[in-house]
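Q: This is the structure I have questions about; it appears just below.
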Amino acid sequence: MTDSTWHGGAAAVVTLTFDVDAETPILAAGRRYADHLMTMSHQAYGPDVGVPRILELLAELGVPATFFVPGWVAEHRPGLAATIVERGHEVAHHSYSHRAPTSLGAAEERADFERALAVFDAQGIEIRGHRAALWEATRVTLDLIAEHGLAYDSSLMGDDRPYRLEVDGGMFVELPVHWSLDDWEQYAYLPSPQIGSVIESPRKVLEMWRAELDAMRQYRCLFNLCMHPFLTGRPSRLVALRELIEYAQSCGDVAFARCRDLAESAAADPTLLPRIPPTVTPDPGTYPD
């Protein structure tokens, strides 16, 4: 970053983010899936094969990334988080169990949130940011982020640039996401539990993401790309990601950043005024529960 703005003068900023979910989203759908060995091996491919492959690609291209890791995954794969950090990347909070906050009560969500923090604390991993499971943050989620002094969240969709969120417990930066920049919508498929129905060509995905990056360069946006190692870690998809990164590097006006570093720049940007989370009060006489 070369100036006091969040973008440092770049036309667009790219954050490469990887949600290292492994088995957690499947177990969140039901403990019975632990005995579905095809499904469990499909998910284990992410941390066991995809992450090492991704780390090598990032090293070859010299770009940083942020890995959002559920506490359960870090706990069951000791050394995974440390390996990511040792390679110069960031590990961030992605719940403990990958259960959506919208499916939990306030006490359950707090317990899950703090259990993940305890895992990373025990492993000596500094946590500065958070992403809700399935991006389904609640008001409790935002309060927990502020209460525990995290610098940023990356779960909401209120902009395509960073913005600052103000809640009762304090203020932090929001690094917004969007479904169009998520590989889950392009590649995810499992018959049971049923996830997705179409596996798209990496050529199509590359074309779509490149078009979005070009447009974001015109509007000076945050290209916050969300990927999952059990999906994008597959060979043809990783080749497409390489091409996307190399294209962004060739543009000459695109910067790459870890989420924590971008959040620090955004927090110091005087042009980013605080916002409050969306407040909607549905009329009970009009809308059902």
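Within each chain, counting starts at residue 1; across the structure tokens, chains are named A, B, ... in the order shown, with ligands numbered 1 upward in that order.
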Please report, as JSON lines, each residue of stretch 130-194 of chain A lying at most 12 Å from stretch 92-105 of chain A, together with the nearest pair of atoms and the separation in Å rounded to one decimal; use only C-alpha atoms, and order rows by chain and ascending residue number.

A:
{"residue": "A:His130", "atom": "CA", "partner": "A:His93", "partner_atom": "CA", "distance": 4.5}
{"residue": "A:Arg131", "atom": "CA", "partner": "A:His94", "partner_atom": "CA", "distance": 5.1}
{"residue": "A:Ala132", "atom": "CA", "partner": "A:His94", "partner_atom": "CA", "distance": 5.8}
{"residue": "A:Ala133", "atom": "CA", "partner": "A:His98", "partner_atom": "CA", "distance": 5.0}
{"residue": "A:Leu134", "atom": "CA", "partner": "A:Ala100", "partner_atom": "CA", "distance": 6.0}
{"residue": "A:Trp135", "atom": "CA", "partner": "A:Ala100", "partner_atom": "CA", "distance": 7.7}
{"residue": "A:Glu136", "atom": "CA", "partner": "A:Ala100", "partner_atom": "CA", "distance": 5.7}
{"residue": "A:Ala137", "atom": "CA", "partner": "A:Pro101", "partner_atom": "CA", "distance": 5.8}
{"residue": "A:Thr138", "atom": "CA", "partner": "A:Thr102", "partner_atom": "CA", "distance": 6.2}
{"residue": "A:Arg139", "atom": "CA", "partner": "A:Pro101", "partner_atom": "CA", "distance": 9.5}
{"residue": "A:Val140", "atom": "CA", "partner": "A:Pro101", "partner_atom": "CA", "distance": 8.4}
{"residue": "A:Thr141", "atom": "CA", "partner": "A:Pro101", "partner_atom": "CA", "distance": 7.3}
{"residue": "A:Leu142", "atom": "CA", "partner": "A:Pro101", "partner_atom": "CA", "distance": 10.7}
{"residue": "A:Leu144", "atom": "CA", "partner": "A:Ser95", "partner_atom": "CA", "distance": 11.5}
{"residue": "A:Ile145", "atom": "CA", "partner": "A:His93", "partner_atom": "CA", "distance": 10.0}
{"residue": "A:His148", "atom": "CA", "partner": "A:His93", "partner_atom": "CA", "distance": 11.7}
{"residue": "A:Leu150", "atom": "CA", "partner": "A:His93", "partner_atom": "CA", "distance": 9.6}
{"residue": "A:Ala151", "atom": "CA", "partner": "A:Ala92", "partner_atom": "CA", "distance": 10.7}
{"residue": "A:Tyr152", "atom": "CA", "partner": "A:Ala92", "partner_atom": "CA", "distance": 9.9}
{"residue": "A:Asp153", "atom": "CA", "partner": "A:His93", "partner_atom": "CA", "distance": 9.3}
{"residue": "A:Ser154", "atom": "CA", "partner": "A:His94", "partner_atom": "CA", "distance": 9.8}
{"residue": "A:Ser155", "atom": "CA", "partner": "A:His94", "partner_atom": "CA", "distance": 10.1}

Q: Wanna dump the stretch 148-212 of chain A-stretch 36-52 of chain A contacts at 10 Å for me, each residue with its shortest atom pair and the distance in Å to one decimal, counting only C-alpha atoms, ordered by chain and number, as a Markdown table?

A:
| residue | atom | partner | partner_atom | distance |
| --- | --- | --- | --- | --- |
| A:Leu190 | CA | A:Thr39 | CA | 7.5 |
| A:Pro191 | CA | A:Thr39 | CA | 8.9 |
| A:Ser192 | CA | A:Thr39 | CA | 7.7 |
| A:Pro193 | CA | A:Thr39 | CA | 8.6 |

Q: Just list as a ChimeraX atom specification whatever in stretch 12-56 of chain A DSSP marks as alpha helix (DSSP H).

A: /A:24-29,37-45,51-56

Q: Got time to write the residues from that selection, N, CA and C atoms, as a PDB file, in the first residue's frame?

A:
ATOM      1  N   THR A  24     -16.065 -30.470   8.227  1.00  0.00           N
ATOM      2  CA  THR A  24     -17.025 -29.803   9.119  1.00  0.00           C
ATOM      3  C   THR A  24     -18.380 -29.486   8.499  1.00  0.00           C
ATOM      4  N   PRO A  25     -18.497 -28.985   7.260  1.00  0.00           N
ATOM      5  CA  PRO A  25     -19.838 -28.679   6.764  1.00  0.00           C
ATOM      6  C   PRO A  25     -20.705 -29.925   6.585  1.00  0.00           C
ATOM      7  N   ILE A  26     -20.058 -31.066   6.368  1.00  0.00           N
ATOM      8  CA  ILE A  26     -20.804 -32.314   6.217  1.00  0.00           C
ATOM      9  C   ILE A  26     -21.253 -32.825   7.586  1.00  0.00           C
ATOM     10  N   LEU A  27     -20.354 -32.776   8.561  1.00  0.00           N
ATOM     11  CA  LEU A  27     -20.725 -33.194   9.912  1.00  0.00           C
ATOM     12  C   LEU A  27     -21.800 -32.271  10.487  1.00  0.00           C
ATOM     13  N   ALA A  28     -21.776 -30.993  10.094  1.00  0.00           N
ATOM     14  CA  ALA A  28     -22.809 -30.066  10.553  1.00  0.00           C
ATOM     15  C   ALA A  28     -24.178 -30.453  10.012  1.00  0.00           C
ATOM     16  N   ALA A  29     -24.192 -31.157   8.876  1.00  0.00           N
ATOM     17  CA  ALA A  29     -25.463 -31.635   8.309  1.00  0.00           C
ATOM     18  C   ALA A  29     -25.946 -32.899   9.002  1.00  0.00           C
ATOM     19  N   LEU A  37     -17.761 -42.927   3.747  1.00  0.00           N
ATOM     20  CA  LEU A  37     -16.333 -42.783   3.506  1.00  0.00           C
ATOM     21  C   LEU A  37     -16.009 -42.025   2.222  1.00  0.00           C
ATOM     22  N   MET A  38     -16.832 -42.169   1.179  1.00  0.00           N
ATOM     23  CA  MET A  38     -16.597 -41.362  -0.023  1.00  0.00           C
ATOM     24  C   MET A  38     -16.698 -39.891   0.317  1.00  0.00           C
ATOM     25  N   THR A  39     -17.755 -39.532   1.058  1.00  0.00           N
ATOM     26  CA  THR A  39     -17.977 -38.140   1.402  1.00  0.00           C
ATOM     27  C   THR A  39     -16.856 -37.604   2.284  1.00  0.00           C
ATOM     28  N   MET A  40     -16.452 -38.378   3.289  1.00  0.00           N
ATOM     29  CA  MET A  40     -15.394 -37.918   4.176  1.00  0.00           C
ATOM     30  C   MET A  40     -14.068 -37.767   3.424  1.00  0.00           C
ATOM     31  N   SER A  41     -13.776 -38.689   2.492  1.00  0.00           N
ATOM     32  CA  SER A  41     -12.527 -38.572   1.739  1.00  0.00           C
ATOM     33  C   SER A  41     -12.583 -37.386   0.782  1.00  0.00           C
ATOM     34  N   HIS A  42     -13.760 -37.107   0.236  1.00  0.00           N
ATOM     35  CA  HIS A  42     -13.950 -35.933  -0.631  1.00  0.00           C
ATOM     36  C   HIS A  42     -13.585 -34.660   0.112  1.00  0.00           C
ATOM     37  N   GLN A  43     -13.968 -34.576   1.369  1.00  0.00           N
ATOM     38  CA  GLN A  43     -13.707 -33.378   2.169  1.00  0.00           C
ATOM     39  C   GLN A  43     -12.261 -33.333   2.666  1.00  0.00           C
ATOM     40  N   ALA A  44     -11.719 -34.488   3.035  1.00  0.00           N
ATOM     41  CA  ALA A  44     -10.345 -34.541   3.534  1.00  0.00           C
ATOM     42  C   ALA A  44      -9.339 -34.155   2.459  1.00  0.00           C
ATOM     43  N   TYR A  45      -9.706 -34.319   1.205  1.00  0.00           N
ATOM     44  CA  TYR A  45      -8.835 -33.911   0.088  1.00  0.00           C
ATOM     45  C   TYR A  45      -8.410 -32.455   0.254  1.00  0.00           C
ATOM     46  N   VAL A  51      -4.532 -28.020   0.188  1.00  0.00           N
ATOM     47  CA  VAL A  51      -3.783 -26.955   0.866  1.00  0.00           C
ATOM     48  C   VAL A  51      -2.300 -26.985   0.489  1.00  0.00           C
ATOM     49  N   PRO A  52      -1.608 -28.121   0.560  1.00  0.00           N
ATOM     50  CA  PRO A  52      -0.192 -28.119   0.144  1.00  0.00           C
ATOM     51  C   PRO A  52      -0.007 -27.652  -1.301  1.00  0.00           C
ATOM     52  N   ARG A  53      -0.902 -28.068  -2.163  1.00  0.00           N
ATOM     53  CA  ARG A  53      -0.810 -27.680  -3.570  1.00  0.00           C
ATOM     54  C   ARG A  53      -1.015 -26.173  -3.723  1.00  0.00           C
ATOM     55  N   ILE A  54      -1.972 -25.635  -2.994  1.00  0.00           N
ATOM     56  CA  ILE A  54      -2.254 -24.195  -3.037  1.00  0.00           C
ATOM     57  C   ILE A  54      -1.068 -23.405  -2.482  1.00  0.00           C
ATOM     58  N   LEU A  55      -0.497 -23.869  -1.388  1.00  0.00           N
ATOM     59  CA  LEU A  55       0.645 -23.166  -0.801  1.00  0.00           C
ATOM     60  C   LEU A  55       1.815 -23.115  -1.782  1.00  0.00           C
ATOM     61  N   GLU A  56       2.025 -24.171  -2.530  1.00  0.00           N
ATOM     62  CA  GLU A  56       3.100 -24.166  -3.524  1.00  0.00           C
ATOM     63  C   GLU A  56       2.809 -23.164  -4.632  1.00  0.00           C
TER      64      GLU A  56
END

Q: Skipping near chain neighbours, those fewer than 4 positions away, what residues fall within 9 Å of A:Gly88 using only C-alpha atoms, listed as an mmCIF file with N, CA, C and O atoms, in the first residue's frame?

A:
data_model
loop_
_atom_site.group_PDB
_atom_site.id
_atom_site.type_symbol
_atom_site.label_atom_id
_atom_site.label_comp_id
_atom_site.auth_asym_id
_atom_site.auth_seq_id
_atom_site.Cartn_x
_atom_site.Cartn_y
_atom_site.Cartn_z
ATOM 1 N N PRO A 64 0.200 -13.277 -1.323
ATOM 2 C CA PRO A 64 -0.264 -13.683 0.001
ATOM 3 C C PRO A 64 -1.721 -14.118 -0.039
ATOM 4 O O PRO A 64 -2.463 -13.795 -0.970
ATOM 5 N N ALA A 65 -2.141 -14.819 1.004
ATOM 6 C CA ALA A 65 -3.522 -15.277 1.085
ATOM 7 C C ALA A 65 -3.951 -15.384 2.538
ATOM 8 O O ALA A 65 -3.126 -15.338 3.457
ATOM 9 N N ILE A 84 0.598 -22.964 7.538
ATOM 10 C CA ILE A 84 0.091 -21.857 6.716
ATOM 11 C C ILE A 84 0.762 -20.547 7.128
ATOM 12 O O ILE A 84 1.220 -19.773 6.281
#

Q: If we count only C-alpha atoms, what is near stretch 202-213 of chain A at a cut-off of 7 Å, once residues fewer than 3 positions away on the same chain are taken out, given as number ranges by chain?

A: A: 181, 216-217, 223, 236-237, 240, 244

Q: Give me a file of those residues, with C-alpha atoms, as a short mmCIF file (atom, residue, chain, number, x, y, z; two decimals), in the first residue's frame.

A:
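The resulting out.cif:
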data_model
loop_
_atom_site.label_atom_id
_atom_site.label_comp_id
_atom_site.auth_asym_id
_atom_site.auth_seq_id
_atom_site.Cartn_x
_atom_site.Cartn_y
_atom_site.Cartn_z
CA LEU A 181 -16.80 -14.82 -6.21
CA MET A 216 -13.83 -3.91 -10.30
CA ARG A 217 -10.70 -2.21 -11.62
CA PHE A 223 -12.00 -8.58 -5.30
CA SER A 236 -7.73 -28.06 -13.63
CA ARG A 237 -9.25 -25.57 -11.22
CA ALA A 240 -7.39 -21.71 -13.80
CA LEU A 244 -6.33 -15.56 -12.97
#

Q: May I ask which of the residues A:Cys251, A:Leu241, A:Leu175, A:Leu165 is the closest one to A:Leu273, counting only C-alpha atoms?

A: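 Of all the options, A:Leu165 lies closest to A:Leu273.
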
Q: May I ask for the distance between atom CA of A:Ala22 and atom CA of A:His76, given in Å to one decimal place?

A: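 Result for atom CA of A:Ala22 versus atom CA of A:His76: 10.3 Å, one decimal.
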
Q: Of the candidates A:Leu222, A:Leu156, A:Ala82, A:Val198, which shows the shortest atom-to-atom distance to A:Ala266, using only C-alpha atoms?

A: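 Closest to A:Ala266 of all the choices is A:Leu222.
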
Q: Please identify the strand (DSSP E) residues within stretch 44-83 of chain A (assignment by DSSP from backbone atoms) and present them as a list in words.

A: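 Residues meeting the strand (DSSP E) criterion: Thr66, Phe67, Phe68 and Val69 of chain A.
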
Q: Using only C-alpha atoms, can you tell me which of A:Ala11, A:Ser250, A:Leu16, A:Asp3 comes closest to A:Val177?

A: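 Closest to A:Val177, using only C-alpha atoms: A:Leu16.
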
Q: Can you tell me, as a list in words, what residues are no more than 8 Å from A:Ala188 when counting only C-alpha atoms, ignoring any on the same chain fewer than 4 positions away?

A: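 Using only C-alpha atoms, the neighbours found are Asp183, Trp184, Ile195, Gly196, Ser197, Val198, Ile199 and Leu231 of chain A.
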
Q: Go through A:Ile125, A:Arg220, A:Pro176, A:Val239 and flag the residue nearest A:Asp253, using only C-alpha atoms for the distances.

A: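 Going through A:Ile125, A:Arg220, A:Pro176, A:Val239 one by one, the smallest distance to A:Asp253 is for A:Arg220.
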
Q: Rank nothing, just name the residue among A:Leu61, A:Ala268, A:Cys259, A:Leu80 nearest to A:Arg164, using only C-alpha atoms.

A: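 Of A:Leu61, A:Ala268, A:Cys259, A:Leu80, the one nearest A:Arg164 is A:Ala268, counting only C-alpha atoms.
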